file structure02.tsv (TSV, C-alpha atoms)
chain	number	residue	atom	x	y	z
A	1104	MET	CA	12.17	9.71	4.68
A	1105	ASP	CA	12.82	7.15	7.40
A	1106	ASN	CA	12.62	7.63	11.17
A	1107	GLU	CA	16.38	8.11	11.54
A	1108	ARG	CA	16.36	11.11	9.24
A	1109	TYR	CA	13.44	12.65	11.10
A	1110	ARG	CA	15.28	12.13	14.38
A	1111	LYS	CA	18.44	13.85	13.16
A	1112	ILE	CA	16.51	16.92	12.03
A	1113	LEU	CA	14.73	17.15	15.39
A	1114	GLU	CA	18.11	16.80	17.14
A	1115	LYS	CA	19.25	19.93	15.34
A	1116	ILE	CA	16.14	21.89	16.23
A	1117	THR	CA	16.47	20.94	19.92
A	1118	GLU	CA	20.10	22.12	19.87
A	1119	ILE	CA	18.87	25.47	18.58
A	1120	ALA	CA	16.24	25.46	21.34
A	1121	LYS	CA	18.95	24.87	23.95
A	1122	ASP	CA	20.99	27.83	22.70
A	1123	VAL	CA	17.92	30.07	22.78
A	1124	LEU	CA	17.08	28.96	26.33
A	1125	HIS	CA	20.63	29.75	27.45
A	1126	MET	CA	20.31	33.24	25.97
A	1127	PHE	CA	16.94	33.72	27.67
A	1128	PHE	CA	18.41	32.61	31.01
A	1129	GLU	CA	21.30	35.03	30.74
A	1130	GLN	CA	19.10	38.00	29.89
A	1131	HIS	CA	15.97	37.39	31.96
A	1132	ILE	CA	17.29	35.35	34.90
A	1133	LEU	CA	20.91	36.41	35.40
A	1134	ASN	CA	20.11	39.96	34.29
A	1135	LYS	CA	23.75	40.63	33.32
A	1136	ASN	CA	25.11	39.16	36.58
A	1137	PRO	CA	27.90	36.57	36.37
A	1138	SER	CA	26.40	33.11	36.65
A	1139	LYS	CA	28.66	32.20	39.59
A	1140	ASN	CA	27.51	35.20	41.63
A	1141	PHE	CA	23.88	34.46	40.84
A	1142	LEU	CA	24.12	30.81	41.88
A	1143	GLN	CA	25.98	31.62	45.07
A	1144	GLU	CA	23.34	34.06	46.30
A	1145	ILE	CA	21.65	32.28	49.16
A	1146	GLU	CA	18.11	32.94	47.94
A	1147	HIS	CA	18.88	31.14	44.70
A	1148	LEU	CA	21.02	28.41	46.22
A	1149	HIS	CA	18.27	27.72	48.75
A	1150	VAL	CA	15.58	27.28	46.09
A	1151	ILE	CA	17.79	25.12	43.87
A	1152	PHE	CA	18.88	22.95	46.83
A	1153	HIS	CA	15.31	22.08	47.82
A	1154	ALA	CA	14.37	21.31	44.22
A	1155	VAL	CA	16.56	18.20	44.47
A	1156	ALA	CA	14.35	15.27	45.42
A	1157	CYS	CA	16.62	13.93	48.16
A	1158	TYR	CA	16.83	17.38	49.82
A	1159	ALA	CA	13.24	18.46	49.26
A	1160	LYS	CA	11.55	17.14	52.39
A	1161	ASP	CA	14.07	18.15	55.04
A	1162	GLU	CA	14.35	21.69	56.32
A	1163	CYS	CA	17.67	23.45	56.17
A	1164	CYS	CA	19.27	26.25	58.16
A	1165	GLN	CA	17.81	28.84	55.74
A	1166	CYS	CA	14.22	27.68	55.98
A	1167	ILE	CA	13.61	29.56	59.25
A	1168	ASN	CA	14.20	32.90	57.54
A	1169	SER	CA	12.92	32.04	54.08
A	1170	PRO	CA	10.67	29.00	53.56
A	1171	VAL	CA	10.97	27.59	50.06
A	1172	LEU	CA	7.98	27.64	47.75
A	1173	ASN	CA	8.59	25.49	44.68
A	1174	LYS	CA	5.71	26.99	42.72
A	1175	PHE	CA	6.38	24.89	39.60
A	1176	ASN	CA	6.94	21.59	41.46
A	1177	THR	CA	10.23	21.27	39.60
A	1178	THR	CA	12.51	18.41	40.55
A	1179	LEU	CA	16.25	18.43	39.89
A	1180	LEU	CA	18.42	15.35	39.80
A	1181	GLN	CA	21.15	15.22	42.41
A	1182	GLN	CA	23.67	14.90	39.59
A	1183	GLU	CA	22.36	18.11	38.05
A	1184	PHE	CA	22.81	19.91	41.36
A	1185	LYS	CA	26.37	18.62	41.59
A	1186	GLU	CA	27.13	20.01	38.13
A	1187	LEU	CA	26.70	23.46	39.65
A	1188	TYR	CA	27.73	23.08	43.27
A	1189	ASP	CA	30.25	21.39	45.57
A	1190	LEU	CA	28.52	20.07	48.72
A	1191	ASN	CA	31.55	20.26	51.04
A	1192	ASP	CA	29.74	18.03	53.56
A	1193	GLY	CA	32.74	17.94	55.88
A	1194	LYS	CA	32.44	21.67	56.57
A	1195	LYS	CA	28.84	21.75	57.76
A	1196	ASN	CA	28.07	23.87	60.82
A	1197	LYS	CA	27.28	21.45	63.64
A	1198	ASP	CA	24.76	23.87	65.12
A	1199	HIS	CA	22.90	23.95	61.80
A	1200	HIS	CA	23.16	20.25	60.97
A	1201	LYS	CA	20.80	18.55	63.42
A	1202	LYS	CA	20.00	14.86	63.72
A	1203	ASP	CA	17.79	12.68	65.88
A	1204	ASN	CA	20.34	9.97	66.50
A	1205	LYS	CA	17.86	7.80	68.37
A	1206	ARG	CA	15.49	7.63	65.42
A	1207	LYS	CA	18.28	8.17	62.88
A	1208	LEU	CA	16.45	11.09	61.31
A	1209	LEU	CA	17.74	14.35	59.88
A	1210	ILE	CA	15.97	17.24	61.54
A	1211	GLN	CA	17.75	20.12	59.84
A	1212	ASP	CA	20.37	20.22	57.11
A	1213	CYS	CA	23.07	22.83	56.62
A	1214	VAL	CA	23.63	24.57	53.29
A	1215	CYS	CA	26.29	27.01	54.51
A	1216	PRO	CA	29.35	25.21	53.07
A	1217	ILE	CA	27.80	24.61	49.63
A	1218	SER	CA	29.79	26.51	47.00
A	1219	VAL	CA	29.48	27.09	43.29
A	1220	LYS	CA	31.91	25.10	41.19
A	1221	GLN	CA	34.78	26.95	39.58
A	1222	ASN	CA	34.26	28.06	35.98
A	1223	VAL	CA	30.59	27.05	35.98
A	1224	GLU	CA	28.68	28.42	33.00
A	1225	ILE	CA	25.00	28.32	32.12
A	1226	ASP	CA	25.69	27.03	28.62
A	1227	SER	CA	27.04	23.80	30.11
A	1228	MET	CA	23.49	22.81	31.12
A	1229	ASP	CA	21.59	20.51	28.80
A	1230	THR	CA	18.12	21.28	27.46
A	1231	ASN	CA	16.04	19.73	30.25
A	1232	PHE	CA	18.28	21.13	32.99
A	1233	THR	CA	18.00	24.63	31.52
A	1234	CYS	CA	14.20	24.39	31.36
A	1235	LYS	CA	14.08	23.37	35.03
A	1236	MET	CA	16.41	26.19	36.07
A	1237	ILE	CA	14.30	28.75	34.22
A	1238	LYS	CA	11.25	27.58	36.13
A	1239	LEU	CA	13.06	27.57	39.47
A	1240	CYS	CA	14.89	30.86	39.21
A	1241	SER	CA	12.22	33.14	37.77
A	1242	LYS	CA	11.43	35.66	40.52
A	1243	SER	CA	7.94	36.14	39.18
A	1244	THR	CA	5.79	34.27	36.74
A	1245	THR	CA	8.08	33.37	33.87
A	1246	PRO	CA	7.37	35.26	30.64
A	1247	LEU	CA	7.50	31.91	28.92
A	1248	ASP	CA	4.43	29.77	28.47
A	1249	PRO	CA	5.05	26.68	30.67
A	1250	GLY	CA	3.71	24.61	27.78
A	1251	TRP	CA	6.64	25.77	25.65
A	1252	LEU	CA	9.19	24.38	28.08
A	1253	LYS	CA	7.19	21.19	28.41
A	1254	CYS	CA	7.15	20.73	24.62
A	1255	ILE	CA	10.92	21.30	24.36
A	1256	MET	CA	11.63	18.80	27.14
A	1257	GLN	CA	9.22	16.24	25.71
A	1258	THR	CA	10.75	16.49	22.25
A	1259	ARG	CA	14.24	16.07	23.63
A	1260	ASN	CA	13.14	13.02	25.66
A	1261	ASP	CA	11.37	11.44	22.68
A	1262	ILE	CA	14.47	11.80	20.51
A	1263	ILE	CA	16.66	10.08	23.09
A	1264	HIS	CA	14.34	7.54	24.68
A	1265	ARG	CA	11.50	6.91	22.21
A	1266	PRO	CA	12.91	7.15	18.67
A	1267	ALA	CA	10.40	4.59	17.38
A	1268	ILE	CA	7.52	7.08	17.66
A	1269	ILE	CA	9.18	9.56	15.31
A	1270	ASN	CA	7.13	8.97	12.18
A	1271	LYS	CA	6.19	11.52	9.53
A	1272	GLN	CA	3.08	12.72	11.35
A	1273	TYR	CA	4.98	13.21	14.60
A	1274	PHE	CA	7.84	14.94	12.78
A	1275	ASP	CA	5.63	17.41	10.88
A	1276	THR	CA	3.69	18.40	13.98
A	1277	THR	CA	6.70	18.61	16.31
A	1278	PHE	CA	8.98	20.50	13.95
A	1279	GLN	CA	6.37	23.18	13.31
A	1280	GLU	CA	5.55	23.48	17.02
A	1281	MET	CA	9.23	23.68	18.01
A	1282	GLU	CA	9.94	26.32	15.38
A	1283	THR	CA	7.09	28.49	16.68
A	1284	ILE	CA	8.20	28.09	20.31
A	1285	ILE	CA	11.87	28.79	19.63
A	1286	LEU	CA	11.11	31.99	17.73
A	1287	SER	CA	8.69	33.12	20.46
A	1288	ILE	CA	11.39	32.69	23.12
A	1289	ALA	CA	13.99	34.38	20.94
A	1290	GLU	CA	11.64	37.33	20.54
A	1291	THR	CA	11.71	37.93	24.32
A	1292	VAL	CA	15.47	38.44	24.00
A	1293	GLY	CA	15.21	40.91	21.10
A	1294	SER	CA	14.19	41.35	17.49
A	1295	VAL	CA	17.75	41.06	16.16
A	1296	TYR	CA	18.30	37.82	18.05
A	1297	LYS	CA	15.00	36.48	16.75
A	1298	LYS	CA	16.13	37.14	13.16
A	1299	GLN	CA	19.44	35.39	13.83
A	1300	THR	CA	17.60	32.41	15.29
A	1301	GLU	CA	15.25	32.29	12.33
A	1302	LYS	CA	18.27	32.08	10.03
A	1303	SER	CA	19.65	29.19	12.12
A	1304	ILE	CA	16.36	27.33	11.79
A	1305	LYS	CA	16.28	27.92	8.05
A	1306	SER	CA	19.86	26.70	7.85
A	1307	SER	CA	18.89	23.51	9.65
A	1308	LYS	CA	16.30	22.97	6.93
A	1309	GLY	CA	19.08	21.81	4.66
A	1310	ASP	CA	18.12	18.40	5.96
A	1311	ARG	CA	14.50	19.20	5.19
A	1312	PHE	CA	15.47	19.74	1.57
A	1313	THR	CA	16.57	16.11	1.56
A	1314	GLU	CA	13.16	15.23	2.96
A	1315	VAL	CA	11.42	17.14	0.17
A	1316	GLN	CA	13.65	15.47	-2.40
A	1317	HIS	CA	12.84	12.03	-1.03
A	1318	ALA	CA	9.17	12.94	-1.00
A	1319	LEU	CA	9.49	13.92	-4.66
A	1320	GLU	CA	11.14	10.61	-5.43
A	1321	ASP	CA	8.38	8.77	-3.56
A	1322	ARG	CA	5.78	10.68	-5.55
A	1323	ILE	CA	7.50	9.83	-8.83
A	1324	THR	CA	7.90	6.20	-7.83
A	1325	ASP	CA	4.35	5.76	-6.58
A	1326	ASN	CA	2.31	7.81	-9.03
A	1327	ILE	CA	4.10	8.74	-12.25
A	1328	LYS	CA	4.43	6.24	-15.05
A	1329	VAL	CA	7.75	5.74	-16.81
A	1330	ASP	CA	7.95	6.47	-20.54
A	1331	PHE	CA	10.08	4.35	-22.87
A	1332	THR	CA	10.68	4.16	-26.59
A	1333	ALA	CA	11.41	0.60	-27.73
A	1334	THR	CA	12.81	-0.34	-31.12
A	1335	VAL	CA	12.43	-4.09	-31.59
A	1336	ASN	CA	14.04	-6.28	-34.23
A	1337	GLN	CA	13.83	-10.04	-34.61
A	1338	THR	CA	16.27	-11.73	-36.94
A	1339	HIS	CA	13.86	-13.84	-39.01
A	1340	VAL	CA	10.82	-11.55	-38.96
A	1341	THR	CA	9.78	-10.09	-42.32
A	1342	ALA	CA	8.34	-6.62	-42.95
A	1343	ASP	CA	4.88	-8.12	-43.43
A	1344	LYS	CA	5.18	-9.93	-40.13
A	1345	GLU	CA	6.25	-6.70	-38.44
A	1346	ASN	CA	3.13	-4.99	-39.78
A	1347	GLU	CA	1.02	-7.85	-38.48
A	1348	ILE	CA	2.57	-7.48	-35.04
A	1349	ILE	CA	1.90	-3.74	-35.02
A	1350	GLU	CA	-1.73	-4.22	-36.05
A	1351	ASN	CA	-2.46	-6.93	-33.46
A	1352	LEU	CA	-0.66	-5.53	-30.42
A	1353	PRO	CA	-3.07	-4.83	-27.55
A	1354	PRO	CA	-3.22	-1.28	-26.10
A	1355	GLU	CA	-2.08	-2.51	-22.69
A	1356	ILE	CA	0.07	-5.37	-21.45
A	1357	LYS	CA	-0.24	-6.74	-17.91
A	1358	ILE	CA	2.78	-8.10	-16.02
A	1359	GLN	CA	2.58	-10.14	-12.83
A	1360	THR	CA	5.40	-9.08	-10.52
A	1361	LYS	CA	6.38	-9.60	-6.93
A	1362	ASN	CA	6.35	-6.69	-4.48
A	1363	ASP	CA	8.84	-7.16	-1.64
A	1364	CYS	CA	6.59	-5.19	0.69
A	1365	LEU	CA	3.77	-7.66	0.17
A	1366	SER	CA	5.75	-10.86	0.68
A	1367	GLU	CA	4.51	-13.54	-1.74
A	1368	GLU	CA	1.48	-11.60	-2.98
A	1369	ALA	CA	1.58	-10.90	-6.71
A	1370	VAL	CA	1.22	-7.38	-8.05
A	1371	THR	CA	-0.05	-6.46	-11.48
A	1372	GLU	CA	1.93	-3.81	-13.35
A	1373	THR	CA	1.05	-2.54	-16.80
A	1374	ILE	CA	2.75	-1.33	-19.96
A	1375	GLU	CA	0.56	0.90	-22.06
A	1376	ILE	CA	1.39	1.04	-25.78
A	1377	THR	CA	0.72	4.67	-26.65
A	1378	GLY	CA	2.28	4.75	-30.11
A	1379	LYS	CA	3.31	2.33	-32.87
A	1380	LYS	CA	5.36	2.82	-36.02
A	1381	VAL	CA	6.01	0.45	-38.92
A	1382	ASN	CA	9.18	-0.03	-41.01
A	1383	SER	CA	10.78	-1.68	-38.00
A	1384	ILE	CA	8.78	-2.00	-34.82
A	1385	ILE	CA	8.97	1.21	-32.79
A	1386	LEU	CA	6.74	1.37	-29.74
A	1387	GLU	CA	6.02	4.25	-27.42
A	1388	LEU	CA	5.43	2.75	-24.00
A	1389	LYS	CA	4.10	4.07	-20.69
A	1390	ALA	CA	4.74	1.68	-17.79
A	1391	THR	CA	3.59	1.72	-14.20
A	1392	PRO	CA	6.57	2.47	-11.94
A	1393	GLY	CA	6.41	-0.93	-10.25
A	1394	ILE	CA	8.29	-2.51	-13.16
A	1395	LEU	CA	11.38	-0.66	-11.92
A	1396	HIS	CA	11.05	-1.72	-8.30
A	1397	SER	CA	13.56	-4.49	-8.94
A	1398	VAL	CA	15.70	-6.07	-11.65
A	1399	GLU	CA	13.43	-9.11	-11.66
A	1400	ASN	CA	10.36	-6.96	-12.31
A	1401	PHE	CA	12.09	-5.13	-15.15
A	1402	LYS	CA	13.21	-8.39	-16.79
A	1403	ALA	CA	9.71	-9.81	-16.43
A	1404	ALA	CA	8.23	-6.74	-18.12
A	1405	ILE	CA	10.62	-6.93	-21.09
A	1406	LEU	CA	10.10	-10.66	-21.60
A	1407	THR	CA	6.32	-10.24	-21.35
A	1408	LEU	CA	6.48	-7.54	-24.02
A	1409	VAL	CA	8.45	-9.87	-26.31
A	1410	ARG	CA	6.02	-12.73	-25.79
A	1411	VAL	CA	3.00	-10.50	-26.49
A	1412	MET	CA	4.64	-9.31	-29.70
A	1413	GLN	CA	5.36	-12.88	-30.79
A	1414	LYS	CA	1.77	-13.82	-30.10
A	1415	ALA	CA	0.49	-10.79	-32.02
A	1416	GLY	CA	2.50	-11.83	-35.06
A	1417	GLY	CA	1.71	-15.51	-34.78
A	1418	ILE	CA	5.42	-16.28	-34.35
A	1419	ASP	CA	6.38	-19.71	-33.11
A	1420	ALA	CA	8.24	-19.03	-29.88
A	1421	ASP	CA	9.73	-22.54	-29.91
A	1422	ILE	CA	11.85	-21.69	-32.95
A	1423	GLU	CA	15.19	-20.27	-31.81
A	1424	ASP	CA	15.65	-16.68	-32.88
A	1425	THR	CA	17.20	-13.45	-31.60
A	1426	VAL	CA	15.18	-10.41	-30.57
A	1427	THR	CA	17.08	-7.14	-30.21
A	1428	ILE	CA	15.44	-4.38	-28.20
A	1429	ASN	CA	16.74	-0.81	-28.07
A	1430	LEU	CA	15.14	1.04	-25.17
A	1431	LYS	CA	15.24	4.75	-24.48
A	1432	VAL	CA	13.95	6.21	-21.21
A	1433	GLU	CA	11.91	9.30	-21.97
A	1434	SER	CA	10.97	10.40	-18.43
A	1435	PRO	CA	12.77	11.17	-15.15
A	1436	LEU	CA	13.98	8.29	-12.99
A	1437	THR	CA	14.48	8.20	-9.26
A	1438	GLU	CA	17.79	7.06	-7.84
A	1439	ASP	CA	16.40	3.59	-7.09
A	1440	GLN	CA	14.89	3.24	-10.56
A	1441	PHE	CA	18.15	4.28	-12.16
A	1442	ALA	CA	19.99	1.65	-10.10
A	1443	VAL	CA	17.66	-1.06	-11.46
A	1444	VAL	CA	18.34	0.02	-15.05
A	1445	LYS	CA	22.06	0.21	-14.35
A	1446	CYS	CA	22.12	-3.21	-12.73
A	1447	LEU	CA	20.33	-4.87	-15.64
A	1448	PHE	CA	22.02	-3.25	-18.60
A	1449	ALA	CA	25.41	-1.78	-17.81
A	1450	LYS	CA	28.42	-3.87	-18.78
A	1451	GLU	CA	30.45	-1.89	-16.26
A	1452	TRP	CA	28.10	-2.91	-13.46
A	1453	ASN	CA	27.92	-6.55	-14.40
A	1454	ALA	CA	31.69	-6.82	-14.74
A	1455	ASP	CA	32.16	-5.66	-11.16
A	1456	ASN	CA	29.27	-7.45	-9.49
A	1457	ASP	CA	29.08	-11.19	-9.97
A	1458	THR	CA	25.83	-11.41	-8.08
A	1459	THR	CA	24.04	-9.31	-10.70
A	1460	GLN	CA	25.03	-11.32	-13.78
A	1461	LEU	CA	22.09	-12.13	-15.98
A	1462	PRO	CA	21.00	-15.70	-16.75
A	1463	GLY	CA	22.11	-17.25	-20.04
A	1464	GLU	CA	19.01	-16.29	-22.02
A	1465	TYR	CA	19.69	-12.57	-21.52
A	1466	LEU	CA	22.60	-10.72	-23.06
A	1467	SER	CA	23.36	-7.02	-22.62
A	1468	THR	CA	25.57	-5.90	-25.48
A	1469	GLY	CA	25.29	-2.15	-24.98
A	1470	ASN	CA	25.69	0.43	-22.28
A	1471	VAL	CA	23.65	3.05	-20.56
A	1472	GLU	CA	24.57	6.45	-21.89
A	1473	GLY	CA	26.37	8.54	-19.26
A	1474	ILE	CA	25.83	5.88	-16.64
A	1475	MET	CA	29.08	6.37	-14.78
A	1476	SER	CA	28.78	10.15	-14.53
A	1477	ARG	CA	25.27	10.45	-13.16
A	1478	PRO	CA	24.98	13.25	-10.57
A	1479	LYS	CA	24.03	11.99	-7.14
A	1480	LEU	CA	20.35	12.38	-6.19
A	1481	ASP	CA	19.43	14.25	-9.37
A	1482	THR	CA	16.06	12.77	-10.20
A	1483	TYR	CA	15.95	14.54	-13.56
A	1484	SER	CA	19.34	13.70	-15.02
A	1485	GLN	CA	18.32	10.43	-16.66
A	1486	LYS	CA	15.77	11.74	-19.14
A	1487	GLY	CA	16.75	10.50	-22.56
A	1488	THR	CA	18.99	7.72	-21.25
A	1489	ALA	CA	19.59	5.20	-24.02
A	1490	ILE	CA	19.67	1.48	-23.32
A	1491	ASN	CA	21.13	-0.25	-26.35
A	1492	GLN	CA	20.60	-3.74	-27.62
A	1493	LEU	CA	19.10	-5.98	-25.04
A	1494	VAL	CA	19.32	-9.32	-26.83
A	1495	VAL	CA	16.92	-12.12	-25.92
A	1496	ARG	CA	17.63	-15.53	-27.38
call {"tool": "encode", "arguments": {"input": "structure02.tsv", "output": "structure tokens"}}
result
Amino acid sequence: MDNERYRKILEKITEIAKDVLHMFFEQHILNKNPSKNFLQEIEHLHVIFHAVACYAKDECCQCINSPVLNKFNTTLLQQEFKELYDLNDGKKNKDHHKKDNKRKLLIQDCVCPISVKQNVEIDSMDTNFTCKMIKLCSKSTTPLDPGWLKCIMQTRNDIIHRPAIINKQYFDTTFQEMETIILSIAETVGSVYKKQTEKSIKSSKGDRFTEVQHALEDRITDNIKVDFTATVNQTHVTADKENEIIENLPPEIKIQTKNDCLSEEAVTETIEITGKKVNSIILELKATPGILHSVENFKAAILTLVRVMQKAGGIDADIEDTVTINLKVESPLTEDQFAVVKCLFAKEWNADNDTTQLPGEYLSTGNVEGIMSRPKLDTYSQKGTAINQLVVR
């Protein structure tokens, strides 16, 4: 799974976190009061006003009666404040708004004309804004662990501003931590709400199923060998010569291929011959998955097999002849592996894609059974796929 897929899953989990925070705010902060009434109450307006950096240092007309203590050192952006309130600067009380004109300093500001915006709702606040408001507006120590809010805010910021750090290790750790935090917050609202939230998280794991599926494909690609059955016929090879080939074939064939991830460095793949039958050459093969990393690797593997067979039978490779190979895939293929097989063998594919036409010495005269109806992302649907008559001249 690449970083973009990790990021999208974490986007969904932070959206769930935002919804849970809104519910927490309504129940524990608003305490069933309308949000507009709550925000307009001077004790709350006063605290929120001084949490804005540009208003934090100057006293206001309410500070005489109720000095502000920002116990969480929370800072709001001015734009966030303006999402909730209209400043109405032109209506300030002149007796409250005091300046030292000589030194051009504000001595005391006036918050009297500040009013809550019409139709303001808590659920319009984004994740970080909601976390800040929870810290600011809790009358006592918040029932939430401050580390929870910090984790939610950090995850949201990483998704937006630092997507490059979202690798598998980061994703696994963060998703698990976020899931635990979200359910803990939901539990403070109620057991029924926690169960509903848990269902939402499980629903978001539809994307995690894709992750598991890709992990399965990676495991198959990286670790599990691919099984083939190959039936080989060469036009001018006698039965005795076929027996000689069978007897002299080595148990393992090595193929030098190129791995795109390693630039020009060569990689050695292998084809293990696990079974041999006479009366026509029938080979049971077990190949390392690297031979299906690309069309070029697959072609190299097949040609190497043919050359080893010719050498085993003492056949003069300079004499023009035709070798027909019928291959049958006996094990599951990943989507990428299937595409390689399709690209090399399917007439339908070659007819539509000029860039994938084979060189003159290769001729595909068959098809891949069921190739056009393969279910998307089904890593098990290709078992038993027949590849008919690859002809090498």
call {"tool": "closest_residue", "arguments": {"input": "structure02.tsv", "among": "A:Lys1297, A:Lys1195, A:His1149, A:Lys1121", "to": "Leu1252 of chain A", "atoms": "only C-alpha atoms"}}
result
A:Lys1121
call {"tool": "atom_distance", "arguments": {"input": "structure02.tsv", "atom1": "atom CA of Glu1186 of chain A", "atom2": "atom CA of Lys1201 of chain A"}}
result
26.1 Å
call {"tool": "residues_near_point", "arguments": {"input": "structure02.tsv", "point": "(25.5, 25.6, 39.9)", "cutoff": "9 Å", "atoms": "only C-alpha atoms", "output": "count of residues only"}}
result
19
call {"tool": "closest_residue", "arguments": {"input": "structure02.tsv", "among": "A:Leu1430, A:Ile1237, A:Leu1406, A:Leu1395", "to": "Val1335 of chain A", "atoms": "all atoms listed in the file"}}
result
A:Leu1430
call {"tool": "residues_around", "arguments": {"input": "structure02.tsv", "residues": "Thr1117 of chain A", "least_positions_apart": "2", "cutoff": "8 Å", "atoms": "all atoms listed in the file", "output": "ChimeraX atom specification"}}
result
/A:1113-1115,1119-1121,1230,1255,1258-1259,1281
call {"tool": "atom_distance", "arguments": {"input": "structure02.tsv", "atom1": "atom CA of Thr1332 of chain A", "atom2": "atom CA of Glu1423 of chain A"}}
result
25.4 Å
call {"tool": "residues_around", "arguments": {"input": "structure02.tsv", "residues": "Val1329 of chain A", "least_positions_apart": "4", "cutoff": "12 Å", "atoms": "only C-alpha atoms", "output": "VMD selection string"}}
result
chain A and resid 1323 to 1325 1372 to 1376 1387 to 1396 1401 1431 to 1437 1440 to 1441 1485 to 1487
call {"tool": "residues_near_point", "arguments": {"input": "structure02.tsv", "point": "(12.7, 28.8, 12.4)", "cutoff": "12 Å", "atoms": "only C-alpha atoms", "output": "ChimeraX atom specification"}}
result
/A:1115-1117,1119-1120,1123,1278-1290,1297-1308
call {"tool": "residues_around", "arguments": {"input": "structure02.tsv", "residues": "Asn1168 of chain A", "least_positions_apart": "5", "cutoff": "12 Å", "atoms": "all atoms listed in the file", "output": "PyMOL selection string"}}
result
chain A and resi 1145-1146+1149+1162-1163
call {"tool": "build_atoms", "arguments": {"input": "structure02.tsv", "residues": "segment 1223-1234 of chain A", "atoms": "N, CA and C atoms", "output": "CSV table (one decimal), in the frame of the given file"}}
result
chain,number,residue,atom,x,y,z
A,1223,VAL,N,31.9,27.5,36.4
A,1223,VAL,CA,30.6,27.0,36.0
A,1223,VAL,C,30.0,28.1,35.0
A,1224,GLU,N,29.3,27.6,34.0
A,1224,GLU,CA,28.7,28.4,33.0
A,1224,GLU,C,27.3,27.9,32.7
A,1225,ILE,N,26.4,28.7,32.4
A,1225,ILE,CA,25.0,28.3,32.1
A,1225,ILE,C,24.9,27.5,30.9
A,1226,ASP,N,25.8,27.8,29.9
A,1226,ASP,CA,25.7,27.0,28.6
A,1226,ASP,C,26.2,25.6,28.7
A,1227,SER,N,26.7,25.2,29.9
A,1227,SER,CA,27.0,23.8,30.1
A,1227,SER,C,25.8,22.9,30.5
A,1228,MET,N,24.7,23.6,30.8
A,1228,MET,CA,23.5,22.8,31.1
A,1228,MET,C,22.8,22.3,29.9
A,1229,ASP,N,22.3,21.1,30.0
A,1229,ASP,CA,21.6,20.5,28.8
A,1229,ASP,C,20.2,21.1,28.7
A,1230,THR,N,19.4,20.7,27.7
A,1230,THR,CA,18.1,21.3,27.5
A,1230,THR,C,17.2,21.2,28.6
A,1231,ASN,N,17.0,19.9,29.2
A,1231,ASN,CA,16.0,19.7,30.2
A,1231,ASN,C,16.5,20.5,31.5
A,1232,PHE,N,17.8,20.4,31.8
A,1232,PHE,CA,18.3,21.1,33.0
A,1232,PHE,C,18.0,22.6,32.9
A,1233,THR,N,18.2,23.2,31.7
A,1233,THR,CA,18.0,24.6,31.5
A,1233,THR,C,16.5,25.0,31.7
A,1234,CYS,N,15.6,24.1,31.2
A,1234,CYS,CA,14.2,24.4,31.4
A,1234,CYS,C,13.8,24.4,32.8
